[in-house]
$ cat data.cif   # mmCIF, C-alpha atoms and all ligand atoms
data_data
loop_
_atom_site.label_atom_id
_atom_site.label_comp_id
_atom_site.auth_asym_id
_atom_site.auth_seq_id
_atom_site.Cartn_x
_atom_site.Cartn_y
_atom_site.Cartn_z
CA MET A 21 110.97 93.08 106.10
CA THR A 22 113.19 94.22 108.96
CA ALA A 23 112.38 97.30 111.00
CA ALA A 24 115.32 99.06 109.29
CA THR A 25 113.97 98.35 105.79
CA ARG A 26 110.54 99.43 106.89
CA THR A 27 111.87 102.69 108.18
CA ALA A 28 113.72 103.19 104.88
CA ALA A 29 110.41 102.70 103.03
CA ALA A 30 108.83 105.52 105.00
CA THR A 31 108.97 109.09 103.82
CA ALA A 32 107.34 112.18 105.24
CA GLU A 33 104.53 111.63 102.73
CA VAL A 34 104.12 107.92 103.30
CA SER A 35 104.19 107.21 107.01
CA ALA A 36 101.83 105.56 109.46
CA GLU A 37 101.82 108.80 111.40
CA ARG A 38 100.61 110.80 108.39
CA LEU A 39 97.97 108.19 107.55
CA ALA A 40 96.71 108.35 111.13
CA ARG A 41 96.57 112.17 111.05
CA HIS A 42 95.12 112.80 107.57
CA GLY A 43 93.39 109.52 106.75
CA TYR A 44 95.31 109.07 103.50
CA VAL A 45 98.77 109.19 101.99
CA ILE A 46 100.08 109.42 98.42
CA LEU A 47 102.77 107.13 97.05
CA ARG A 48 104.12 109.12 94.12
CA GLY A 49 105.04 107.78 90.73
CA VAL A 50 104.32 104.09 91.23
CA LEU A 51 103.92 103.97 87.44
CA ASP A 52 106.05 106.13 85.16
CA ALA A 53 104.59 107.86 82.09
CA GLU A 54 105.23 104.90 79.79
CA GLU A 55 103.62 102.50 82.25
CA VAL A 56 100.64 104.80 82.69
CA ALA A 57 100.14 104.76 78.91
CA LYS A 58 100.41 100.96 78.92
CA ALA A 59 97.94 100.60 81.79
CA ARG A 60 95.49 102.99 80.08
CA ALA A 61 95.70 100.99 76.86
CA LEU A 62 95.09 97.73 78.74
CA CYS A 63 92.10 99.16 80.62
CA THR A 64 90.70 100.59 77.40
CA GLY A 65 90.89 97.11 75.89
CA TYR A 66 89.25 95.37 78.84
CA LEU A 67 86.58 97.94 79.65
CA THR A 68 84.81 98.26 76.33
CA GLY A 69 81.29 99.47 75.79
CA SER A 70 79.28 101.84 77.91
CA GLY A 71 78.16 99.10 80.35
CA SER A 72 81.67 97.86 81.15
CA ARG A 73 82.97 99.92 84.02
CA GLU A 74 84.69 97.49 86.35
CA MET A 75 86.88 94.41 85.84
CA LEU A 76 86.20 91.12 87.55
CA THR A 77 89.01 90.11 89.90
CA SER A 78 89.74 87.03 87.75
CA ASP A 79 90.15 89.19 84.62
CA PHE A 80 92.30 91.68 86.50
CA LEU A 81 94.57 88.95 87.89
CA ALA A 82 94.86 87.36 84.46
CA ASP A 83 96.69 90.47 83.28
CA ASP A 84 100.30 90.23 84.54
CA PHE A 85 100.96 93.94 84.20
CA LEU A 86 97.88 95.18 86.06
CA ALA A 87 98.03 92.45 88.72
CA GLY A 88 101.77 93.03 89.15
CA ILE A 89 101.10 96.58 90.36
CA VAL A 90 99.48 95.18 93.51
CA LEU A 91 102.66 93.26 94.43
CA ARG A 92 105.27 95.83 93.37
CA GLU A 93 108.02 95.96 95.96
CA ARG A 94 107.49 99.66 96.62
CA VAL A 95 103.75 99.19 97.08
CA VAL A 96 104.16 96.24 99.44
CA ALA A 97 106.87 98.06 101.43
CA ALA A 98 104.58 101.08 101.83
CA VAL A 99 101.65 98.89 102.88
CA LYS A 100 103.78 97.15 105.51
CA GLU A 101 104.97 100.48 106.83
CA LEU A 102 101.46 101.92 106.96
CA LEU A 103 99.91 98.85 108.59
CA GLY A 104 102.85 98.18 110.90
CA ASP A 105 102.54 94.56 109.82
CA ASP A 106 105.29 92.58 108.08
CA GLU A 107 102.77 89.98 106.88
CA PRO A 108 99.83 92.01 105.60
CA VAL A 109 96.67 90.56 104.16
CA LEU A 110 95.60 91.15 100.56
CA TYR A 111 91.92 90.67 99.75
CA PRO A 112 90.81 89.51 96.31
CA ASN A 113 89.15 92.89 95.94
CA CYS A 114 91.30 93.92 92.97
CA THR A 115 89.92 95.71 89.94
CA ALA A 116 90.32 98.45 87.36
CA ARG A 117 87.49 100.89 86.70
CA LYS A 118 86.55 103.20 83.86
CA ASN A 119 84.61 106.43 84.33
CA VAL A 120 83.27 105.48 87.76
CA TYR A 121 82.09 108.47 89.79
CA VAL A 122 80.90 107.91 93.34
CA PRO A 123 79.21 110.39 95.71
CA TRP A 124 80.41 111.05 99.26
CA HIS A 125 80.65 107.84 101.26
CA VAL A 126 82.52 105.75 103.77
CA ASP A 127 83.24 102.34 102.23
CA ALA A 128 80.18 100.15 102.82
CA THR A 129 81.95 97.42 104.77
CA PHE A 130 82.91 99.92 107.44
CA VAL A 131 79.53 101.48 108.19
CA GLY A 132 76.70 100.51 110.50
CA PRO A 133 76.05 98.62 113.70
CA THR A 134 77.94 95.48 112.70
CA ALA A 135 81.06 97.48 111.86
CA GLY A 136 81.87 98.63 115.40
CA TYR A 137 85.12 96.70 115.24
CA VAL A 138 86.55 99.20 112.77
CA TRP A 139 86.89 101.69 115.64
CA GLU A 140 89.07 99.39 117.71
CA PRO A 141 92.67 100.61 118.04
CA GLY A 142 94.15 97.46 116.46
CA PHE A 143 92.00 97.62 113.33
CA ALA A 144 93.73 98.64 110.12
CA HIS A 145 92.48 98.43 106.54
CA LEU A 146 93.87 100.25 103.51
CA GLN A 147 91.97 101.05 100.35
CA CYS A 148 94.36 101.69 97.47
CA GLY A 149 93.56 103.60 94.28
CA LEU A 150 96.15 104.13 91.56
CA TYR A 151 94.91 106.75 89.14
CA LEU A 152 95.87 106.78 85.48
CA GLN A 153 95.36 110.53 84.93
CA ASP A 154 96.10 113.68 86.88
CA ASN A 155 93.44 114.74 89.35
CA ASP A 156 92.48 118.04 87.85
CA PRO A 157 90.44 120.71 89.71
CA ALA A 158 88.14 121.08 86.69
CA ALA A 159 88.25 117.69 84.99
CA GLY A 160 88.55 115.39 88.01
CA GLY A 161 90.43 112.11 87.72
CA GLY A 162 90.90 111.12 91.36
CA ILE A 163 89.23 111.64 94.72
CA ASP A 164 88.29 114.38 97.17
CA VAL A 165 88.30 113.62 100.90
CA VAL A 166 87.22 115.18 104.15
CA ARG A 167 90.61 115.23 105.84
CA ALA A 168 90.82 113.22 109.07
CA SER A 169 87.17 112.17 108.86
CA HIS A 170 88.28 108.58 109.52
CA LEU A 171 88.53 109.65 113.15
CA MET A 172 85.01 111.03 113.23
CA SER A 173 81.61 109.43 113.29
CA PHE A 174 79.19 110.20 110.49
CA ASP A 175 76.90 107.31 111.25
CA GLY A 176 76.68 107.43 115.03
CA TYR A 177 78.92 104.45 115.67
CA GLY A 178 82.27 106.17 115.94
CA THR A 179 84.23 107.34 118.91
CA ARG A 180 84.85 110.95 117.97
CA GLU A 181 82.43 113.69 116.96
CA PRO A 182 83.00 115.45 113.65
CA GLU A 183 84.85 118.69 114.20
CA PHE A 184 83.26 120.71 111.45
CA ASP A 185 79.89 122.30 110.85
CA ILE A 186 77.01 119.84 110.69
CA PRO A 187 75.30 121.48 107.69
CA ALA A 188 78.57 121.58 105.78
CA ARG A 189 79.75 118.08 106.45
CA THR A 190 77.13 116.20 104.47
CA LEU A 191 77.58 118.52 101.51
CA GLY A 192 81.28 117.91 101.59
CA GLU A 193 81.82 121.64 101.84
CA SER A 194 83.71 121.43 105.07
CA ALA A 195 86.93 123.40 105.39
CA LEU A 196 88.52 119.98 105.76
CA ARG A 197 87.49 118.97 102.24
CA GLU A 198 90.45 118.60 99.94
CA ARG A 199 91.19 117.36 96.46
CA VAL A 200 93.83 114.67 96.68
CA ASP A 201 96.50 116.13 94.48
CA THR A 202 97.56 113.11 92.45
CA ARG A 203 99.37 112.89 89.13
CA ALA A 204 98.90 110.01 86.69
CA GLY A 205 100.66 106.97 88.17
CA ASP A 206 100.37 108.01 91.83
CA LEU A 207 98.79 105.67 94.36
CA VAL A 208 96.41 106.99 97.01
CA VAL A 209 96.16 104.84 100.11
CA TRP A 210 93.29 105.71 102.42
CA ASN A 211 91.75 104.53 105.64
CA ALA A 212 88.44 102.99 104.62
CA ARG A 213 86.65 105.09 107.28
CA LEU A 214 87.63 108.26 105.43
CA MET A 215 84.77 110.20 103.82
CA HIS A 216 85.60 110.38 100.14
CA THR A 217 84.06 111.04 96.76
CA SER A 218 85.16 111.12 93.16
CA THR A 219 86.54 114.53 92.33
CA PRO A 220 83.70 116.09 90.34
CA VAL A 221 83.99 116.83 86.65
CA LEU A 222 83.24 120.52 86.16
CA GLN A 223 84.62 120.58 82.66
CA ASP A 224 84.89 117.57 80.32
CA ALA A 225 88.52 116.53 79.97
CA GLY A 226 87.94 114.68 76.71
CA ARG A 227 89.52 111.52 78.10
CA GLU A 228 88.40 108.44 79.99
CA LYS A 229 89.00 108.21 83.74
CA PHE A 230 90.78 105.00 84.81
CA GLY A 231 91.90 103.68 88.18
CA VAL A 232 93.33 100.46 89.59
CA PHE A 233 92.00 99.47 93.03
CA PHE A 234 92.95 96.94 95.71
CA SER A 235 92.63 96.41 99.47
CA TYR A 236 95.21 95.47 102.09
CA ALA A 237 94.67 94.95 105.81
CA ARG A 238 96.45 94.09 109.01
CA ARG A 239 96.43 90.35 109.63
CA HIS A 240 93.60 89.63 112.04
CA PRO A 241 91.47 86.49 111.49
CA ARG A 242 88.27 88.03 112.86
CA ASP A 243 88.53 91.32 110.94
CA ASN A 244 89.73 89.63 107.75
CA HIS A 245 86.82 87.19 107.90
CA ARG A 246 84.32 89.98 108.58
CA PHE A 247 85.47 91.95 105.57
CA MET A 248 85.13 88.94 103.30
CA SER A 249 81.78 87.97 104.82
CA GLN A 250 80.45 91.48 104.25
CA ILE A 251 81.48 91.27 100.60
CA ALA A 252 79.50 88.01 100.37
CA VAL A 253 76.48 89.71 101.97
CA ASP A 254 76.79 92.68 99.60
CA SER A 255 77.11 90.40 96.59
CA VAL A 256 73.34 90.12 96.37
CA ARG A 257 71.20 93.23 96.32
CA THR A 258 67.45 93.12 96.86
CA MET A 259 65.21 95.91 95.64
CA ASN A 260 61.41 95.77 95.62
CA GLY A 261 61.59 92.10 96.51
CA VAL A 262 63.82 91.26 93.55
CA SER A 263 67.32 89.97 94.30
CA ARG A 264 70.12 90.27 91.81
CA PRO A 265 73.76 89.33 92.15
CA ILE A 266 76.56 91.88 91.86
CA PRO A 267 78.87 89.82 89.62
CA ARG A 268 82.18 91.29 90.79
CA LEU A 269 81.39 90.82 94.48
CA ALA A 270 79.79 87.41 93.92
CA GLU A 271 82.98 86.27 92.23
CA ILE A 272 85.14 87.57 95.10
CA ALA A 273 83.05 85.53 97.51
CA ARG A 274 83.59 82.42 95.35
CA LEU A 275 87.34 82.75 94.82
CA ARG A 276 89.61 80.39 96.77
CA HIS A 277 93.29 80.78 97.46
CA PRO A 278 95.57 79.52 96.00
CA GLU A 279 93.71 77.53 93.34
CA ASP A 280 91.85 80.47 91.79
CA PHE A 281 94.92 82.70 91.56
CA PRO A 282 97.57 82.65 88.84
CA ALA A 283 100.51 80.62 90.18
CA TRP A 284 102.98 83.49 89.64
CA PHE A 285 100.74 85.82 91.66
CA ALA A 286 100.26 83.38 94.55
CA GLU A 287 104.02 82.71 94.62
CA GLY A 288 104.87 86.40 94.35
CA ALA A 289 102.58 87.15 97.27
CA ALA A 290 104.13 84.35 99.34
CA ASP A 291 107.66 85.60 98.54
CA ALA A 292 106.64 89.09 99.66
CA ALA A 293 105.08 87.68 102.87
CA VAL A 294 101.66 88.90 101.71
CA ARG A 295 98.81 86.60 102.76
CA ILE A 296 95.90 86.34 100.38
CA VAL A 297 92.65 85.83 102.28
CA THR A 298 89.58 84.26 100.72
CA LEU A 299 86.41 82.91 102.31
O1 LIG B 301 87.87 106.46 92.17
C1 LIG B 301 86.90 107.14 92.53
O2 LIG B 301 86.52 108.12 91.91
C2 LIG B 301 86.16 106.76 93.78
C3 LIG B 301 86.69 105.53 94.42
C4 LIG B 301 85.90 105.16 95.63
O3 LIG B 301 85.15 105.93 96.15
C5 LIG B 301 86.08 103.85 96.24
O4 LIG B 301 86.78 102.99 95.66
O5 LIG B 301 85.53 103.64 97.33
#

$ encode --input "data.cif" --output "structure tokens" --more "lines below"
Ligand SMILES: O=C(O)CCC(=O)C(=O)O
Amino acid sequence: MTAATRTAAATAEVSAERLARHGYVILRGVLDAEEVAKARALCTGYLTGSGSREMLTSDFLADDFLAGIVLRERVVAAVKELLGDDEPVLYPNCTARKNVYVPWHVDATFVGPTAGYVWEPGFAHLQCGLYLQDNDPAAGGGIDVVRASHLMSFDGYGTREPEFDIPARTLGESALRERVDTRAGDLVVWNARLMHTSTPVLQDAGREKFGVFFSYARRHPRDNHRFMSQIAVDSVRTMNGVSRPIPRLAEIARLRHPEDFPAWFAEGAADAAVRIVTL
């Protein structure tokens, strides 16, 4: 993509400058109402039963419609603009989730003593969540964030002190807390260092919550390899001396490009100058 096309892809809402300042941006209306209904129906079909909350990457990629969202021209153009990289990296960390609610956190790969590299100026990683329902103040449906917390250190490894009250920050009651105001079909793109949580459900909406998730990054062999290696490390969890695999992460660590990807997806990525990185 030329610099001119990249600039055309940028709007006040979706710009590298806004991402740097707030820690997230919203790409509106990636799916229209009909497509949202289609995606919800697909997710309902795949995520059946109370134990089925997250799709394996292979199952997600096997669905042309869901997988196609990741490579939509508008999505890729926005990612390139936000990363400032015309050949971004896509990780095989693609999934759809049903009724997943997560407490306040910074994404695991970006926390702790081995993750110091995420504070380097050249580092850039984007977590993407496309929500298939409005994010309602009472019923939830998306995420809340602590605005600009990607610039601050919650774990002692960062470069900038949090700028809000210490007692408030862990409770997520900071004045910088905000509900990301998404409508069904909008894509939220956030810096993985951003403190975020599922918007709480205060009142049952009488519907399932669905989201489609994927990760893009700036091309950087060391950082790309570290992200994938951390997924491999996280793919086995040990508690009380008993180790058990986390199937979705274990599969990501096993996938190889291009052979484990649908041909149309691998070709579509290549045509869009998106590099798929596997271990
Ligand atoms: O979708 C949500 O509610 C939370 C997503 C999240 O926290 C994550 O993907 O890291």

$ residues_near_ligand --input "data.cif" --ligand "ligand LIG 301 (chain B)" --cutoff "9 Å" --atoms "all atoms listed in the file" --output "ChimeraX atom specification"
/A:117,119-128,147-151,160-164,212,215-220,229-234

$ closest_atom_pairs --input "data.cif" --of "stretch 169-283 of chain A" --to "stretch 30-53 of chain A" --cutoff "6 Å" --atoms "only C-alpha atoms" --output "Markdown table"
| residue | atom | partner | partner_atom | distance |
| --- | --- | --- | --- | --- |
| A:His170 | CA | A:Gly43 | CA | 5.9 |
| A:Gly205 | CA | A:Leu51 | CA | 4.5 |
| A:Asp206 | CA | A:Arg48 | CA | 4.5 |
| A:Leu207 | CA | A:Leu47 | CA | 5.0 |
| A:Val208 | CA | A:Ile46 | CA | 4.6 |
| A:Val209 | CA | A:Val45 | CA | 5.4 |
| A:Trp210 | CA | A:Tyr44 | CA | 4.1 |
| A:Asn211 | CA | A:Gly43 | CA | 5.4 |

$ atom_distance --input "data.cif" --atom1 "atom CA of A:Glu228" --atom2 "atom CA of A:Glu54"
17.2 Å

$ atom_distance --input "data.cif" --atom1 "atom CA of A:Ser249" --atom2 "atom CA of A:Asn113"
12.5 Å

$ atom_distance --input "data.cif" --atom1 "atom CA of A:Val221" --atom2 "atom CA of A:Ala195"
20.1 Å

$ closest_residue --input "data.cif" --among "A:Ala273, A:Asn260, A:Ser235, A:Arg60" --to "A:Tyr111" --atoms "all atoms listed in the file"
A:Ser235

$ closest_residue --input "data.cif" --among "A:Leu103, A:Val253, A:Ile266, A:Ala204" --to "A:His240" --atoms "only C-alpha atoms"
A:Leu103
